[in-house]
file query06.txt (compact mmCIF, C-alpha atoms)
# COMPACT_ATOMS: atom_id res chain seq x y z
CA MET A 1 0.00 0.00 0.00
CA PHE A 2 1.70 3.18 1.21
CA PHE A 3 4.56 1.14 2.69
CA THR A 4 5.78 -2.35 1.96
CA LEU A 5 6.37 -4.61 4.93
CA ASN A 6 10.13 -4.37 4.37
CA GLU A 7 9.95 -0.57 4.49
CA ILE A 8 8.03 -0.74 7.78
CA VAL A 9 10.66 -3.12 9.18
CA GLN A 10 13.41 -0.76 8.05
CA TRP A 11 11.67 2.29 9.51
CA ILE A 12 10.16 1.10 12.80
CA GLY A 13 12.98 -1.35 13.55
CA LEU A 14 10.69 -4.26 14.40
CA THR A 15 11.11 -7.61 12.66
CA VAL A 16 8.23 -9.22 10.75
CA PHE A 17 7.89 -11.78 13.54
CA GLU A 18 7.46 -9.06 16.17
CA ILE A 19 4.87 -7.29 14.00
CA TRP A 20 3.01 -10.59 13.61
CA ILE A 21 3.03 -11.24 17.37
CA ASN A 22 1.76 -7.71 17.99
CA LEU A 23 -1.05 -8.13 15.44
CA ILE A 24 -2.21 -11.41 17.00
CA THR A 25 -2.22 -10.01 20.52
CA ILE A 26 -4.01 -6.84 19.39
CA THR A 27 -6.71 -9.06 17.82
CA ILE A 28 -7.14 -10.97 21.10
CA PHE A 29 -7.10 -7.68 23.03
CA SER A 30 -9.86 -6.24 20.80
CA ILE A 31 -12.06 -9.28 21.54
CA LEU A 32 -11.49 -8.98 25.31
CA LEU A 33 -12.11 -5.22 25.12
CA ALA A 34 -15.45 -5.76 23.37
CA LEU A 35 -16.46 -8.33 26.02
CA LYS A 36 -15.45 -5.93 28.80
CA ILE A 37 -17.36 -2.98 27.30
CA ASP A 38 -20.38 -5.22 26.69
CA GLY A 39 -20.33 -6.29 30.33
CA VAL A 40 -19.97 -9.99 29.48
CA VAL A 41 -16.61 -10.08 31.30
CA ASN A 42 -16.24 -8.27 34.61
CA SER A 43 -12.51 -8.80 34.98
CA ALA A 44 -10.07 -6.06 35.90
CA TRP A 45 -8.45 -3.99 33.14
CA TRP A 46 -5.18 -5.82 33.88
CA THR A 47 -6.76 -9.02 32.54
CA ILE A 48 -7.97 -7.26 29.40
CA PHE A 49 -4.48 -5.84 28.80
CA ALA A 50 -2.79 -9.18 29.56
CA PRO A 51 -2.34 -10.20 25.86
CA LEU A 52 -0.49 -6.94 25.19
CA PHE A 53 1.85 -7.50 28.15
CA VAL A 54 2.38 -11.09 27.01
CA SER A 55 3.35 -9.83 23.54
CA ASP A 56 5.86 -7.43 25.15
CA ALA A 57 7.36 -10.31 27.13
CA MET A 58 7.55 -12.55 24.04
CA ASN A 59 9.13 -9.79 21.97
CA ALA A 60 11.65 -9.05 24.75
CA TYR A 61 12.59 -12.74 24.84
CA PHE A 62 12.89 -12.81 21.02
CA CYS A 63 15.11 -9.71 21.08
CA CYS A 64 17.37 -11.29 23.72
CA ILE A 65 17.79 -14.39 21.53
CA VAL A 66 18.53 -12.25 18.46
CA CYS A 67 21.06 -10.19 20.44
CA ILE A 68 22.87 -13.33 21.67
CA ARG A 69 22.93 -14.83 18.17
CA MET A 70 24.24 -11.60 16.64
CA ASN A 71 27.00 -11.53 19.25
CA LEU A 72 27.87 -15.13 18.39
CA GLU A 73 28.14 -14.05 14.74
CA ASN A 74 30.60 -11.33 15.85
CA SER A 75 28.41 -8.40 14.81
CA TYR A 76 28.79 -6.57 18.15
CA LYS A 77 28.06 -3.04 16.98
CA ALA A 78 24.90 -4.01 15.11
CA SER A 79 23.70 -6.14 18.01
CA LEU A 80 24.23 -3.29 20.48
CA TYR A 81 22.34 -0.86 18.22
CA ARG A 82 19.50 -3.32 17.70
CA ALA A 83 19.26 -4.29 21.37
CA SER A 84 19.19 -0.66 22.52
CA TRP A 85 16.46 0.26 20.00
CA SER A 86 14.38 -2.79 20.95
CA ALA A 87 14.78 -1.99 24.65
CA ILE A 88 13.68 1.63 24.10
CA PHE A 89 10.73 0.60 21.92
CA LEU A 90 9.52 -2.17 24.23
CA GLY A 91 10.12 -0.09 27.35
CA LEU A 92 8.18 2.95 26.11
CA THR A 93 5.24 0.93 24.74
CA PHE A 94 5.12 -1.08 27.98
CA VAL A 95 5.06 2.10 30.11
CA PHE A 96 2.25 3.51 27.95
CA LYS A 97 0.14 0.35 28.34
CA PHE A 98 0.89 0.19 32.07
CA LEU A 99 -0.11 3.82 32.66
CA LEU A 100 -3.24 3.46 30.51
CA CYS A 101 -4.25 0.34 32.41
CA ARG A 102 -3.74 2.07 35.77
CA LYS A 103 -5.71 5.08 34.56
CA LEU A 104 -8.63 2.94 33.35
CA GLN A 105 -8.54 0.87 36.53
CA GLY A 106 -8.77 4.07 38.58
CA ASP A 107 -5.55 3.38 40.51
CA SER A 108 -3.95 6.70 39.61
CA ALA A 109 -5.14 10.24 38.97
CA ILE A 110 -2.65 11.07 36.24
CA GLU A 111 -3.87 12.90 33.16
CA TYR A 112 -4.05 11.50 29.65
CA SER A 113 -1.19 13.73 28.49
CA GLU A 114 1.03 11.96 31.03
CA VAL A 115 -0.27 8.57 29.91
CA PHE A 116 0.56 9.44 26.29
CA ALA A 117 4.01 10.88 27.16
CA PRO A 118 5.90 7.63 26.35
CA LEU A 119 4.21 7.53 22.94
CA PHE A 120 5.25 11.11 22.20
CA ILE A 121 8.86 10.30 23.14
CA LEU A 122 8.70 7.21 20.92
CA LEU A 123 7.28 9.27 18.05
CA GLN A 124 10.24 11.66 18.24
CA LEU A 125 12.67 8.74 18.08
CA ILE A 126 10.73 7.26 15.15
CA ALA A 127 11.02 10.64 13.38
CA VAL A 128 14.80 10.46 13.82
CA ARG A 129 14.75 6.95 12.34
CA ALA A 130 12.64 8.23 9.43
CA CYS A 131 15.31 10.81 8.64
CA GLN A 132 17.90 8.02 8.47
CA LEU A 133 15.88 6.18 5.79
CA HIS A 134 17.16 6.12 2.24
CA GLN A 135 16.07 4.41 -0.95
CA MET B 1 7.22 9.65 -3.44
CA ALA B 2 10.38 8.61 -1.61
CA ILE B 3 10.16 6.50 1.52
CA LEU B 4 11.49 9.42 3.59
CA HIS B 5 8.59 11.64 2.53
CA ARG B 6 6.02 8.92 3.10
CA ALA B 7 7.47 8.13 6.54
CA LEU B 8 7.60 11.76 7.65
CA PHE B 9 4.08 12.40 6.34
CA THR B 10 2.75 9.37 8.27
CA TRP B 11 4.67 10.44 11.37
CA PHE B 12 3.24 13.97 11.21
CA ILE B 13 -0.34 12.71 10.77
CA PHE B 14 -0.04 10.38 13.77
CA LEU B 15 1.57 13.10 15.91
CA VAL B 16 -1.28 15.55 15.20
CA PHE B 17 -3.88 12.82 15.81
CA LEU B 18 -2.35 11.87 19.17
CA ILE B 19 -2.23 15.52 20.27
CA LEU B 20 -5.89 16.05 19.32
CA LEU B 21 -6.86 12.76 21.02
CA CYS B 22 -5.06 13.80 24.21
CA LEU B 23 -6.76 17.19 24.27
CA ARG B 24 -10.18 15.62 23.71
CA LEU B 25 -9.73 12.88 26.33
CA GLU B 26 -8.64 15.42 28.94
CA SER B 27 -11.76 17.47 28.16
CA ARG B 28 -9.64 20.54 27.50
CA THR B 29 -11.63 20.82 24.29
CA HIS B 30 -15.14 19.63 23.51
CA TRP B 31 -14.67 19.16 19.80
CA ASN B 32 -16.78 16.75 17.84
CA TRP B 33 -15.05 13.37 17.57
CA PHE B 34 -15.19 13.67 13.76
CA ILE B 35 -12.94 16.75 14.07
CA VAL B 36 -10.51 14.87 16.34
CA PHE B 37 -10.22 12.23 13.61
CA ILE B 38 -9.47 14.80 10.84
CA PRO B 39 -5.79 13.73 10.53
CA MET B 40 -7.00 10.17 9.96
CA TRP B 41 -9.52 11.26 7.30
CA VAL B 42 -6.74 13.17 5.53
CA TYR B 43 -4.40 10.17 5.74
CA ASP B 44 -7.04 7.75 4.43
CA SER B 45 -7.89 10.08 1.54
CA ILE B 46 -4.21 10.33 0.58
CA LEU B 47 -3.90 6.52 0.81
CA LEU B 48 -6.92 6.05 -1.46
CA ILE B 49 -5.57 8.53 -4.02
CA TYR B 50 -2.16 6.81 -3.87
CA VAL B 51 -3.64 3.34 -4.47
CA LEU B 52 -5.96 4.55 -7.24
CA PHE B 53 -3.05 6.34 -8.91
CA HIS B 54 -1.03 3.11 -8.83
CA MET B 55 -4.01 1.18 -10.24
CA VAL B 56 -4.35 3.58 -13.16
CA SER B 57 -0.63 3.56 -13.88
CA HIS B 58 -0.66 -0.26 -13.91
CA CYS B 59 -3.60 -0.21 -16.34
CA ARG B 60 -1.39 1.59 -18.83
CA ASN B 61 1.21 -1.17 -18.66
CA GLY B 62 -1.05 -3.74 -20.31
CA ILE B 63 -3.56 -6.43 -19.33
CA GLU B 64 -1.05 -9.05 -18.12
CA ARG B 65 0.51 -6.84 -15.46
CA PHE B 66 -2.86 -5.31 -14.64
CA ARG B 67 -4.31 -8.74 -13.81
CA GLY B 68 -1.40 -9.44 -11.52
CA THR B 69 -1.83 -6.29 -9.47
CA ILE B 70 -5.61 -5.78 -9.51
CA ASN B 71 -6.23 -8.25 -6.67
CA LYS B 72 -3.61 -6.53 -4.55
CA ASN B 73 -5.03 -3.09 -5.22
CA VAL B 74 -8.59 -4.24 -4.53
CA TRP B 75 -7.41 -5.66 -1.18
CA TYR B 76 -5.69 -2.35 -0.37
CA ILE B 77 -8.86 -0.39 -1.16
CA ALA B 78 -10.92 -2.84 0.94
CA ALA B 79 -8.48 -2.44 3.85
CA ILE B 80 -8.68 1.36 3.66
CA GLY B 81 -12.49 1.10 3.45
CA LEU B 82 -12.60 -1.10 6.56
CA LYS B 83 -10.32 1.30 8.43
CA MET B 84 -12.54 4.25 7.50
CA ALA B 85 -15.69 2.30 8.42
CA ALA B 86 -14.22 1.44 11.83
CA GLN B 87 -13.31 5.10 12.45
CA ILE B 88 -16.76 6.35 11.40
CA ILE B 89 -18.55 3.87 13.68
CA ILE B 90 -16.22 4.69 16.60
CA CYS B 91 -16.87 8.43 16.06
CA ILE B 92 -20.65 7.88 15.97
CA LYS B 93 -20.49 5.71 19.10
CA LEU B 94 -18.45 8.32 21.01
CA GLU B 95 -20.26 11.43 19.76
CA TYR B 96 -23.89 10.34 19.79
CA THR B 97 -24.18 8.48 23.08
CA LYS B 98 -27.98 8.28 22.70
CA VAL B 99 -27.57 6.07 19.64
CA GLU B 100 -27.11 2.58 21.05
CA ILE B 101 -24.79 0.78 18.67
CA PRO B 102 -23.84 -2.71 19.90
CA ILE B 103 -20.11 -3.10 20.53
CA ASN B 104 -20.05 -6.06 18.12
CA VAL B 105 -21.08 -3.76 15.28
CA VAL B 106 -18.42 -1.22 16.28
CA MET B 107 -15.71 -3.87 16.30
CA THR B 108 -16.80 -5.73 13.13
CA PRO B 109 -14.57 -3.80 10.65
CA ILE B 110 -11.59 -4.19 13.01
CA TRP B 111 -12.26 -7.92 13.40
CA MET B 112 -12.47 -8.26 9.62
CA LEU B 113 -9.23 -6.36 9.06
CA LEU B 114 -6.95 -7.70 11.81
CA PRO B 115 -7.13 -11.47 11.02
CA VAL B 116 -6.48 -10.78 7.32
CA LEU B 117 -3.46 -8.65 8.27
CA CYS B 118 -2.23 -11.42 10.58
CA ILE B 119 -2.49 -13.97 7.75
CA GLU B 120 -0.78 -11.64 5.28
CA VAL B 121 2.14 -10.96 7.65
CA PHE B 122 2.37 -14.68 8.48
CA MET B 123 2.53 -15.57 4.76
CA HIS B 124 5.30 -12.99 4.32
CA LEU B 125 7.10 -14.51 7.31
CA ILE B 126 6.90 -18.01 5.80
CA LYS B 127 7.94 -16.91 2.30
CA HIS B 128 10.95 -14.91 3.48
CA SER B 129 11.99 -17.12 6.41
CA SER B 130 15.23 -18.11 4.66
CA GLY B 131 16.25 -14.53 3.88
CA SER B 132 19.82 -13.43 4.47
CA SER B 133 19.11 -10.30 6.57
CA ARG B 134 17.07 -11.89 9.33
CA TYR B 135 17.66 -9.33 12.07
call {"tool": "encode", "arguments": {"input": "query06.txt", "output": "structure tokens"}}
result
Amino acid sequence: MFFTLNEIVQWIGLTVFEIWINLITITIFSILLALKIDGVVNSAWWTIFAPLFVSDAMNAYFCCIVCIRMNLENSYKASLYRASWSAIFLGLTFVFKFLLCRKLQGDSAIEYSEVFAPLFILLQLIAVRACQLHQ
Amino acid sequence: MAILHRALFTWFIFLVFLILLCLRLESRTHWNWFIVFIPMWVYDSILLIYVLFHMVSHCRNGIERFRGTINKNVWYIAAIGLKMAAQIIICIKLEYTKVEIPINVVMTPIWMLLPVLCIEVFMHLIKHSSGSSRY
């Protein structure tokens, strides 16, 4: 469409596998969200957000494996760059989900601008990555 | 359009959308939800024009190539249509609270789009699993 999958991988810095895991967990999350809004499920928001946290954990594990394998292949600089980007990306998205969950649960009185702060930071970093793109 | 321009355009649209969403959720503004989604309408319109332009340019290249790409372009247009439908229903649900739209109806376009995306990404993952640049 506007981007090919390879271009998205190049830009966002996620592998196709990570994108696939995220898509699956977002699908499960959307089903749980609909059940929660409909009142069919009366679980806490933490349960509804569980698939998203599981995807973060799986992606973190995948990134660790990739980092170790890249080190074994002697590409230290690339592995360090990749590991740091993955850590920043996963960390910021996790903090956003955590804050949003707490906000929806009513555990904290923070404002939505504070909840969205990690996403704004991530967007700035993604803009920097966009400027590094070339044909 | 170079990838840099497409990436920066997408980044800008999402940044404006997130800012408007934040303002609306914090009740600092009481804009109509359709106004909050303006960046998304603009983005979807540009996407549609982009895909249609590609379709027309492929038509000029002859029937053989046109047949090969028509299915892809039709899927892209369907995906954009589903995204727009989801946004319109979400806006109606949020803006007109008296209109009782079941959550299943609201989520239907998303549930149609997400599994297809999952399958498409999975097929890409399978096809390119033996690629040289894995990380």
call {"tool": "closest_residue", "arguments": {"input": "query06.txt", "among": "A:Gln124, A:Ser84, A:Asn71, A:Gln105", "to": "chain B", "atoms": "all atoms listed in the file"}}
result
A:Gln124
call {"tool": "residues_around", "arguments": {"input": "query06.txt", "residues": "A:Thr25", "least_positions_apart": "4", "cutoff": "7 Å", "atoms": "only C-alpha atoms", "output": "PyMOL selection string"}}
result
chain A and resi 21+29+51-52+55
call {"tool": "residues_around", "arguments": {"input": "query06.txt", "residues": "A:Asp107", "least_positions_apart": "5", "cutoff": "12 Å", "atoms": "all atoms listed in the file", "output": "list in words"}}
result
Ala44, Trp45, Trp46, Phe98, Leu99, Leu100, Cys101 and Arg102 of chain A
call {"tool": "closest_atom_pairs", "arguments": {"input": "query06.txt", "of": "chain B", "to": "chain A", "cutoff": "9 Å", "atoms": "all atoms listed in the file", "output": "JSON lines"}}
result
{"residue": "B:Ala2", "atom": "CA", "partner": "A:Gln135", "partner_atom": "CA", "distance": 7.1}
{"residue": "B:Ile3", "atom": "CA", "partner": "A:Gln135", "partner_atom": "CA", "distance": 6.7}
{"residue": "B:Leu4", "atom": "CA", "partner": "A:Leu133", "partner_atom": "CA", "distance": 5.9}
{"residue": "B:His5", "atom": "CA", "partner": "A:Ala130", "partner_atom": "CA", "distance": 8.7}
{"residue": "B:Arg6", "atom": "CA", "partner": "A:Phe2", "partner_atom": "CA", "distance": 7.4}
{"residue": "B:Ala7", "atom": "CA", "partner": "A:Ala130", "partner_atom": "CA", "distance": 5.9}
{"residue": "B:Leu8", "atom": "CA", "partner": "A:Ala130", "partner_atom": "CA", "distance": 6.4}
{"residue": "B:Trp11", "atom": "CA", "partner": "A:Ala127", "partner_atom": "CA", "distance": 6.7}
{"residue": "B:Phe12", "atom": "CA", "partner": "A:Ala127", "partner_atom": "CA", "distance": 8.7}
{"residue": "B:Phe14", "atom": "CA", "partner": "A:Leu123", "partner_atom": "CA", "distance": 8.6}
{"residue": "B:Leu15", "atom": "CA", "partner": "A:Leu123", "partner_atom": "CA", "distance": 7.2}
{"residue": "B:Leu18", "atom": "CA", "partner": "A:Phe116", "partner_atom": "CA", "distance": 8.1}
{"residue": "B:Ile19", "atom": "CA", "partner": "A:Ser113", "partner_atom": "CA", "distance": 8.5}
{"residue": "B:Cys22", "atom": "CA", "partner": "A:Ser113", "partner_atom": "CA", "distance": 5.8}
{"residue": "B:Leu23", "atom": "CA", "partner": "A:Ser113", "partner_atom": "CA", "distance": 7.8}
{"residue": "B:Leu25", "atom": "CA", "partner": "A:Tyr112", "partner_atom": "CA", "distance": 6.7}
{"residue": "B:Glu26", "atom": "CA", "partner": "A:Tyr112", "partner_atom": "CA", "distance": 6.1}
{"residue": "B:Leu47", "atom": "CA", "partner": "A:Phe2", "partner_atom": "CA", "distance": 6.5}
{"residue": "B:Tyr50", "atom": "CA", "partner": "A:Phe2", "partner_atom": "CA", "distance": 7.3}
{"residue": "B:Val51", "atom": "CA", "partner": "A:Met1", "partner_atom": "CA", "distance": 6.7}
{"residue": "B:Lys72", "atom": "CA", "partner": "A:Met1", "partner_atom": "CA", "distance": 8.7}
{"residue": "B:Asn73", "atom": "CA", "partner": "A:Met1", "partner_atom": "CA", "distance": 7.9}
{"residue": "B:Tyr76", "atom": "CA", "partner": "A:Met1", "partner_atom": "CA", "distance": 6.2}
{"residue": "B:Ile77", "atom": "CA", "partner": "A:Met1", "partner_atom": "CA", "distance": 8.9}
{"residue": "B:Pro102", "atom": "CA", "partner": "A:Asp38", "partner_atom": "CA", "distance": 8.0}
{"residue": "B:Ile103", "atom": "CA", "partner": "A:Ala34", "partner_atom": "CA", "distance": 6.1}
{"residue": "B:Asn104", "atom": "CA", "partner": "A:Ala34", "partner_atom": "CA", "distance": 7.0}
{"residue": "B:Val106", "atom": "CA", "partner": "A:Ala34", "partner_atom": "CA", "distance": 8.9}
{"residue": "B:Met107", "atom": "CA", "partner": "A:Ala34", "partner_atom": "CA", "distance": 7.3}
{"residue": "B:Ile110", "atom": "CA", "partner": "A:Ser30", "partner_atom": "CA", "distance": 8.2}
{"residue": "B:Trp111", "atom": "CA", "partner": "A:Thr27", "partner_atom": "CA", "distance": 7.2}
{"residue": "B:Leu114", "atom": "CA", "partner": "A:Thr27", "partner_atom": "CA", "distance": 6.2}
{"residue": "B:Pro115", "atom": "CA", "partner": "A:Thr27", "partner_atom": "CA", "distance": 7.2}
{"residue": "B:Leu117", "atom": "CA", "partner": "A:Leu23", "partner_atom": "CA", "distance": 7.6}
{"residue": "B:Cys118", "atom": "CA", "partner": "A:Leu23", "partner_atom": "CA", "distance": 6.0}
{"residue": "B:Ile119", "atom": "CA", "partner": "A:Trp20", "partner_atom": "CA", "distance": 8.7}
{"residue": "B:Val121", "atom": "CA", "partner": "A:Trp20", "partner_atom": "CA", "distance": 6.0}
{"residue": "B:Phe122", "atom": "CA", "partner": "A:Trp20", "partner_atom": "CA", "distance": 6.6}
{"residue": "B:His124", "atom": "CA", "partner": "A:Val16", "partner_atom": "CA", "distance": 8.0}
{"residue": "B:Leu125", "atom": "CA", "partner": "A:Val16", "partner_atom": "CA", "distance": 6.4}
{"residue": "B:Arg134", "atom": "CA", "partner": "A:Thr15", "partner_atom": "CA", "distance": 8.1}
{"residue": "B:Tyr135", "atom": "CA", "partner": "A:Thr15", "partner_atom": "CA", "distance": 6.8}
call {"tool": "residues_around", "arguments": {"input": "query06.txt", "residues": "stretch 81-83 of chain B", "least_positions_apart": "6", "cutoff": "10 Å", "atoms": "only C-alpha atoms", "output": "PyMOL selection string"}}
result
chain B and resi 40+44+48+75+108-113
call {"tool": "atom_distance", "arguments": {"input": "query06.txt", "atom1": "atom CA of B:Leu20", "atom2": "atom CA of B:Trp41"}}
result
13.4 Å
call {"tool": "closest_residue", "arguments": {"input": "query06.txt", "among": "B:Ile80, B:Val16, B:Thr97, B:Trp31", "to": "B:Ser45", "atoms": "all atoms listed in the file"}}
result
B:Ile80
call {"tool": "closest_residue", "arguments": {"input": "query06.txt", "among": "B:Tyr43, B:Val56, B:Asn32, B:Thr10", "to": "B:Lys93", "atoms": "all atoms listed in the file"}}
result
B:Asn32
